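Printed here is model-v3.pdb (PDB, N, CA and C atoms, pLDDT in the B column):
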```pdb
ATOM      1  N   MET A1475      38.621 199.522  97.132  1.00 53.00           N
ATOM      2  CA  MET A1475      39.498 199.206  98.235  1.00 53.00           C
ATOM      3  C   MET A1475      39.248 200.200  99.369  1.00 53.00           C
ATOM      4  N   ASN A1476      39.238 199.697 100.583  1.00 61.00           N
ATOM      5  CA  ASN A1476      38.989 200.521 101.763  1.00 61.00           C
ATOM      6  C   ASN A1476      40.248 201.321 102.101  1.00 61.00           C
ATOM      7  N   SER A1477      40.169 202.633 102.037  1.00 63.00           N
ATOM      8  CA  SER A1477      41.350 203.477 102.267  1.00 63.00           C
ATOM      9  C   SER A1477      41.749 203.550 103.736  1.00 63.00           C
ATOM     10  N   SER A1478      40.878 203.100 104.648  1.00 70.00           N
ATOM     11  CA  SER A1478      41.226 203.163 106.069  1.00 70.00           C
ATOM     12  C   SER A1478      42.075 201.973 106.506  1.00 70.00           C
ATOM     13  N   ILE A1479      42.203 200.961 105.651  1.00 72.00           N
ATOM     14  CA  ILE A1479      43.006 199.784 105.985  1.00 72.00           C
ATOM     15  C   ILE A1479      44.474 200.106 105.763  1.00 72.00           C
ATOM     16  N   ARG A1480      45.301 199.720 106.713  1.00 80.00           N
ATOM     17  CA  ARG A1480      46.751 199.907 106.599  1.00 80.00           C
ATOM     18  C   ARG A1480      47.361 198.577 106.196  1.00 80.00           C
ATOM     19  N   TRP A1481      48.243 198.623 105.202  1.00 79.00           N
ATOM     20  CA  TRP A1481      48.827 197.415 104.642  1.00 79.00           C
ATOM     21  C   TRP A1481      50.314 197.338 104.905  1.00 79.00           C
ATOM     22  N   THR A1482      50.831 196.118 104.945  1.00 81.00           N
ATOM     23  CA  THR A1482      52.262 195.897 104.956  1.00 81.00           C
ATOM     24  C   THR A1482      52.560 194.670 104.107  1.00 81.00           C
ATOM     25  N   TYR A1483      53.658 194.712 103.379  1.00 83.00           N
ATOM     26  CA  TYR A1483      54.106 193.548 102.621  1.00 83.00           C
ATOM     27  C   TYR A1483      55.088 192.723 103.453  1.00 83.00           C
ATOM     28  N   LEU A1484      55.551 193.280 104.562  1.00 87.00           N
ATOM     29  CA  LEU A1484      56.565 192.608 105.378  1.00 87.00           C
ATOM     30  C   LEU A1484      55.939 191.612 106.339  1.00 87.00           C
ATOM     31  N   LYS A1485      56.643 190.502 106.553  1.00 89.00           N
ATOM     32  CA  LYS A1485      56.251 189.531 107.566  1.00 89.00           C
ATOM     33  C   LYS A1485      56.795 190.028 108.904  1.00 89.00           C
ATOM     34  N   PRO A1486      56.167 189.612 110.019  1.00 91.00           N
ATOM     35  CA  PRO A1486      56.673 190.051 111.322  1.00 91.00           C
ATOM     36  C   PRO A1486      58.164 189.785 111.506  1.00 91.00           C
ATOM     37  N   ARG A1487      58.662 188.642 111.058  1.00 93.00           N
ATOM     38  CA  ARG A1487      60.096 188.359 111.239  1.00 93.00           C
ATOM     39  C   ARG A1487      60.957 189.306 110.408  1.00 93.00           C
ATOM     40  N   GLU A1488      60.445 189.772 109.263  1.00 93.00           N
ATOM     41  CA  GLU A1488      61.186 190.749 108.463  1.00 93.00           C
ATOM     42  C   GLU A1488      61.225 192.106 109.168  1.00 93.00           C
ATOM     43  N   ILE A1489      60.126 192.458 109.827  1.00 92.00           N
ATOM     44  CA  ILE A1489      60.083 193.710 110.595  1.00 92.00           C
ATOM     45  C   ILE A1489      61.062 193.632 111.766  1.00 92.00           C
ATOM     46  N   VAL A1490      61.081 192.482 112.459  1.00 95.00           N
ATOM     47  CA  VAL A1490      62.025 192.277 113.570  1.00 95.00           C
ATOM     48  C   VAL A1490      63.457 192.432 113.073  1.00 95.00           C
ATOM     49  N   SER A1491      63.758 191.839 111.931  1.00 95.00           N
ATOM     50  CA  SER A1491      65.101 191.914 111.357  1.00 95.00           C
ATOM     51  C   SER A1491      65.501 193.361 111.059  1.00 95.00           C
ATOM     52  N   GLU A1492      64.594 194.124 110.477  1.00 94.00           N
ATOM     53  CA  GLU A1492      64.882 195.532 110.168  1.00 94.00           C
ATOM     54  C   GLU A1492      65.080 196.346 111.443  1.00 94.00           C
ATOM     55  N   LEU A1493      64.274 196.063 112.470  1.00 95.00           N
ATOM     56  CA  LEU A1493      64.427 196.782 113.735  1.00 95.00           C
ATOM     57  C   LEU A1493      65.754 196.446 114.407  1.00 95.00           C
ATOM     58  N   LEU A1494      66.178 195.178 114.318  1.00 96.00           N
ATOM     59  CA  LEU A1494      67.471 194.782 114.883  1.00 96.00           C
ATOM     60  C   LEU A1494      68.619 195.531 114.209  1.00 96.00           C
ATOM     61  N   LYS A1495      68.521 195.735 112.899  1.00 96.00           N
ATOM     62  CA  LYS A1495      69.542 196.486 112.160  1.00 96.00           C
ATOM     63  C   LYS A1495      69.646 197.925 112.659  1.00 96.00           C
ATOM     64  N   LYS A1496      68.509 198.447 113.146  1.00 96.00           N
ATOM     65  CA  LYS A1496      68.482 199.827 113.647  1.00 96.00           C
ATOM     66  C   LYS A1496      68.766 199.910 115.149  1.00 96.00           C
ATOM     67  N   GLY A1497      69.049 198.744 115.766  1.00 97.00           N
ATOM     68  CA  GLY A1497      69.425 198.743 117.175  1.00 97.00           C
ATOM     69  C   GLY A1497      68.298 198.492 118.158  1.00 97.00           C
ATOM     70  N   TYR A1498      67.115 198.092 117.674  1.00 95.00           N
ATOM     71  CA  TYR A1498      65.982 197.811 118.551  1.00 95.00           C
ATOM     72  C   TYR A1498      65.825 196.308 118.716  1.00 95.00           C
ATOM     73  N   SER A1499      65.644 195.870 119.950  1.00 95.00           N
ATOM     74  CA  SER A1499      65.432 194.450 120.231  1.00 95.00           C
ATOM     75  C   SER A1499      63.961 194.238 120.554  1.00 95.00           C
ATOM     76  N   VAL A1500      63.277 193.486 119.705  1.00 94.00           N
ATOM     77  CA  VAL A1500      61.845 193.241 119.882  1.00 94.00           C
ATOM     78  C   VAL A1500      61.531 191.839 119.379  1.00 94.00           C
ATOM     79  N   SER A1501      60.552 191.185 120.005  1.00 95.00           N
ATOM     80  CA  SER A1501      60.202 189.826 119.592  1.00 95.00           C
ATOM     81  C   SER A1501      59.152 189.857 118.482  1.00 95.00           C
ATOM     82  N   ARG A1502      59.047 188.722 117.794  1.00 94.00           N
ATOM     83  CA  ARG A1502      58.047 188.594 116.737  1.00 94.00           C
ATOM     84  C   ARG A1502      56.636 188.720 117.303  1.00 94.00           C
ATOM     85  N   ASN A1503      56.435 188.183 118.517  1.00 95.00           N
ATOM     86  CA  ASN A1503      55.111 188.273 119.139  1.00 95.00           C
ATOM     87  C   ASN A1503      54.701 189.721 119.390  1.00 95.00           C
ATOM     88  N   ILE A1504      55.635 190.532 119.825  1.00 95.00           N
ATOM     89  CA  ILE A1504      55.345 191.952 120.054  1.00 95.00           C
ATOM     90  C   ILE A1504      54.996 192.632 118.730  1.00 95.00           C
ATOM     91  N   VAL A1505      55.740 192.326 117.687  1.00 93.00           N
ATOM     92  CA  VAL A1505      55.459 192.915 116.374  1.00 93.00           C
ATOM     93  C   VAL A1505      54.056 192.517 115.911  1.00 93.00           C
ATOM     94  N   ARG A1506      53.715 191.239 116.057  1.00 93.00           N
ATOM     95  CA  ARG A1506      52.369 190.781 115.663  1.00 93.00           C
ATOM     96  C   ARG A1506      51.291 191.502 116.474  1.00 93.00           C
ATOM     97  N   TYR A1507      51.533 191.637 117.775  1.00 94.00           N
ATOM     98  CA  TYR A1507      50.582 192.325 118.648  1.00 94.00           C
ATOM     99  C   TYR A1507      50.382 193.777 118.195  1.00 94.00           C
ATOM    100  N   LEU A1508      51.488 194.466 117.930  1.00 92.00           N
ATOM    101  CA  LEU A1508      51.389 195.877 117.529  1.00 92.00           C
ATOM    102  C   LEU A1508      50.727 196.038 116.171  1.00 92.00           C
ATOM    103  N   LEU A1509      51.022 195.143 115.235  1.00 90.00           N
ATOM    104  CA  LEU A1509      50.366 195.204 113.922  1.00 90.00           C
ATOM    105  C   LEU A1509      48.860 195.044 114.071  1.00 90.00           C
ATOM    106  N   LYS A1510      48.450 194.089 114.894  1.00 90.00           N
ATOM    107  CA  LYS A1510      47.027 193.863 115.115  1.00 90.00           C
ATOM    108  C   LYS A1510      46.390 195.048 115.833  1.00 90.00           C
ATOM    109  N   LYS A1511      47.067 195.549 116.874  1.00 92.00           N
ATOM    110  CA  LYS A1511      46.545 196.674 117.655  1.00 92.00           C
ATOM    111  C   LYS A1511      46.319 197.903 116.786  1.00 92.00           C
ATOM    112  N   HIS A1512      47.242 198.144 115.841  1.00 90.00           N
ATOM    113  CA  HIS A1512      47.145 199.322 114.982  1.00 90.00           C
ATOM    114  C   HIS A1512      46.487 199.018 113.644  1.00 90.00           C
ATOM    115  N   GLU A1513      45.835 197.852 113.574  1.00 87.00           N
ATOM    116  CA  GLU A1513      45.003 197.452 112.441  1.00 87.00           C
ATOM    117  C   GLU A1513      45.749 197.382 111.114  1.00 87.00           C
ATOM    118  N   TYR A1514      46.967 196.842 111.154  1.00 86.00           N
ATOM    119  CA  TYR A1514      47.702 196.588 109.919  1.00 86.00           C
ATOM    120  C   TYR A1514      47.336 195.207 109.411  1.00 86.00           C
ATOM    121  N   VAL A1515      47.256 195.064 108.098  1.00 83.00           N
ATOM    122  CA  VAL A1515      46.896 193.808 107.460  1.00 83.00           C
ATOM    123  C   VAL A1515      48.013 193.422 106.500  1.00 83.00           C
ATOM    124  N   LYS A1516      48.366 192.140 106.486  1.00 76.00           N
ATOM    125  CA  LYS A1516      49.387 191.647 105.562  1.00 76.00           C
ATOM    126  C   LYS A1516      48.777 191.612 104.167  1.00 76.00           C
ATOM    127  N   ARG A1517      49.405 192.292 103.239  1.00 74.00           N
ATOM    128  CA  ARG A1517      48.933 192.308 101.863  1.00 74.00           C
ATOM    129  C   ARG A1517      49.535 191.126 101.125  1.00 74.00           C
ATOM    130  N   LYS A1518      48.691 190.419 100.402  1.00 71.00           N
ATOM    131  CA  LYS A1518      49.148 189.260  99.635  1.00 71.00           C
ATOM    132  C   LYS A1518      49.713 189.726  98.302  1.00 71.00           C
ATOM    133  N   GLY A1519      50.666 188.967  97.802  1.00 67.00           N
ATOM    134  CA  GLY A1519      51.237 189.263  96.491  1.00 67.00           C
ATOM    135  C   GLY A1519      50.248 188.934  95.390  1.00 67.00           C
ATOM    136  N   PRO A1520      50.539 189.364  94.174  1.00 67.00           N
ATOM    137  CA  PRO A1520      49.635 189.072  93.056  1.00 67.00           C
ATOM    138  C   PRO A1520      49.572 187.575  92.789  1.00 67.00           C
ATOM    139  N   GLU A1521      48.398 187.128  92.341  1.00 68.00           N
ATOM    140  CA  GLU A1521      48.224 185.716  92.032  1.00 68.00           C
ATOM    141  C   GLU A1521      49.000 185.351  90.778  1.00 68.00           C
ATOM    142  N   LYS A1522      49.566 184.167  90.781  1.00 68.00           N
ATOM    143  CA  LYS A1522      50.290 183.674  89.604  1.00 68.00           C
ATOM    144  C   LYS A1522      49.356 182.803  88.780  1.00 68.00           C
ATOM    145  N   HIS A1523      49.365 183.000  87.492  1.00 66.00           N
ATOM    146  CA  HIS A1523      48.589 182.163  86.589  1.00 66.00           C
ATOM    147  C   HIS A1523      49.456 181.013  86.106  1.00 66.00           C
ATOM    148  N   TYR A1524      48.845 180.057  85.473  1.00 66.00           N
ATOM    149  CA  TYR A1524      49.542 178.861  85.033  1.00 66.00           C
ATOM    150  C   TYR A1524      50.726 179.163  84.109  1.00 66.00           C
ATOM    151  N   ASP A1525      50.679 180.286  83.399  1.00 65.00           N
ATOM    152  CA  ASP A1525      51.768 180.618  82.473  1.00 65.00           C
ATOM    153  C   ASP A1525      52.870 181.447  83.144  1.00 65.00           C
ATOM    154  N   GLY A1526      52.730 181.701  84.439  1.00 60.00           N
ATOM    155  CA  GLY A1526      53.751 182.435  85.168  1.00 60.00           C
ATOM    156  C   GLY A1526      53.542 183.939  85.215  1.00 60.00           C
ATOM    157  N   TRP A1527      52.551 184.435  84.510  1.00 62.00           N
ATOM    158  CA  TRP A1527      52.271 185.874  84.530  1.00 62.00           C
ATOM    159  C   TRP A1527      51.323 186.208  85.650  1.00 62.00           C
ATOM    160  N   SER A1528      51.495 187.368  86.244  1.00 58.00           N
ATOM    161  CA  SER A1528      50.557 187.797  87.302  1.00 58.00           C
ATOM    162  C   SER A1528      49.512 188.696  86.667  1.00 58.00           C
ATOM    163  N   SER A1529      48.361 188.761  87.324  1.00 55.00           N
ATOM    164  CA  SER A1529      47.262 189.572  86.776  1.00 55.00           C
ATOM    165  C   SER A1529      47.345 191.004  87.226  1.00 55.00           C
TER     166      SER A1529
END
```

Have the structure of the file written as structure tokens, please.
Amino acid sequence: MNSSIRWTYLKPREIVSELLKKGYSVSRNIVRYLLKKHEYVKRKGPEKHYDGWSS
């Protein structure tokens, strides 16, 4: 795994929601722009197998 990649599990709308709780008003588009500008990548959850267990 490349250690220079920055990851987030949060969706832009979840980040907006958390910022609103802290008193910051920002749009989803701005959050997406900033994530891209600072090279953050959305990390995918583990794959589910047919039996419901993740690998």

### Selected residue, from A:Tyr1498, A:Arg1517, A:Ile1504, A:His1512, that lies nearest to Trp1481 (chain A) when counting all atoms listed in the file
A:Arg1517

### Task
Determine the residue set returned by the PyMOL selection byres (((chain A and resi 1482 and name CA) around 9) and name CA) for the present structure, and present it as number ranges by chain.
A: 1480-1481, 1483-1485, 1514-1517

### Task
Kindly give the distance, in Å, that separates CA of Ser1501 (chain A) and CA of Lys1518 (chain A), rounded to a single decimal.
22.8 Å

### Task
Could you pull out the residues in region 1475-1518 of chain A that DSSP calls strand (DSSP E) from the backbone, as number ranges by chain?
A: 1480-1482, 1514-1516

### Answer key for the PyMOL selection byres (((chain A and resi 1486 and name CA) around 8) and name CA), residues as a ChimeraX atom specification
/A:1484-1485,1487-1490,1502,1505-1506

What box, with edges along x, y and z, holds each listed atom of region 1488-1491 of chain A when 3 Å is added on every side, and can you state its centre and edge lengths in Å to one decimal, as lines of an AutoDock Vina configuration file?
```
center_x = 62.8
center_y = 191.7
center_z = 111.0
size_x = 11.4
size_y = 9.9
size_z = 11.1
```

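Across the structure, atom N of Ser1491 (chain A) and atom N of Lys1511 (chain A) are spaced 17.8 Å apart.
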
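Going from atom C of Ser1499 (chain A) over to atom C of Ser1478 (chain A), you cover 27.1 Å.
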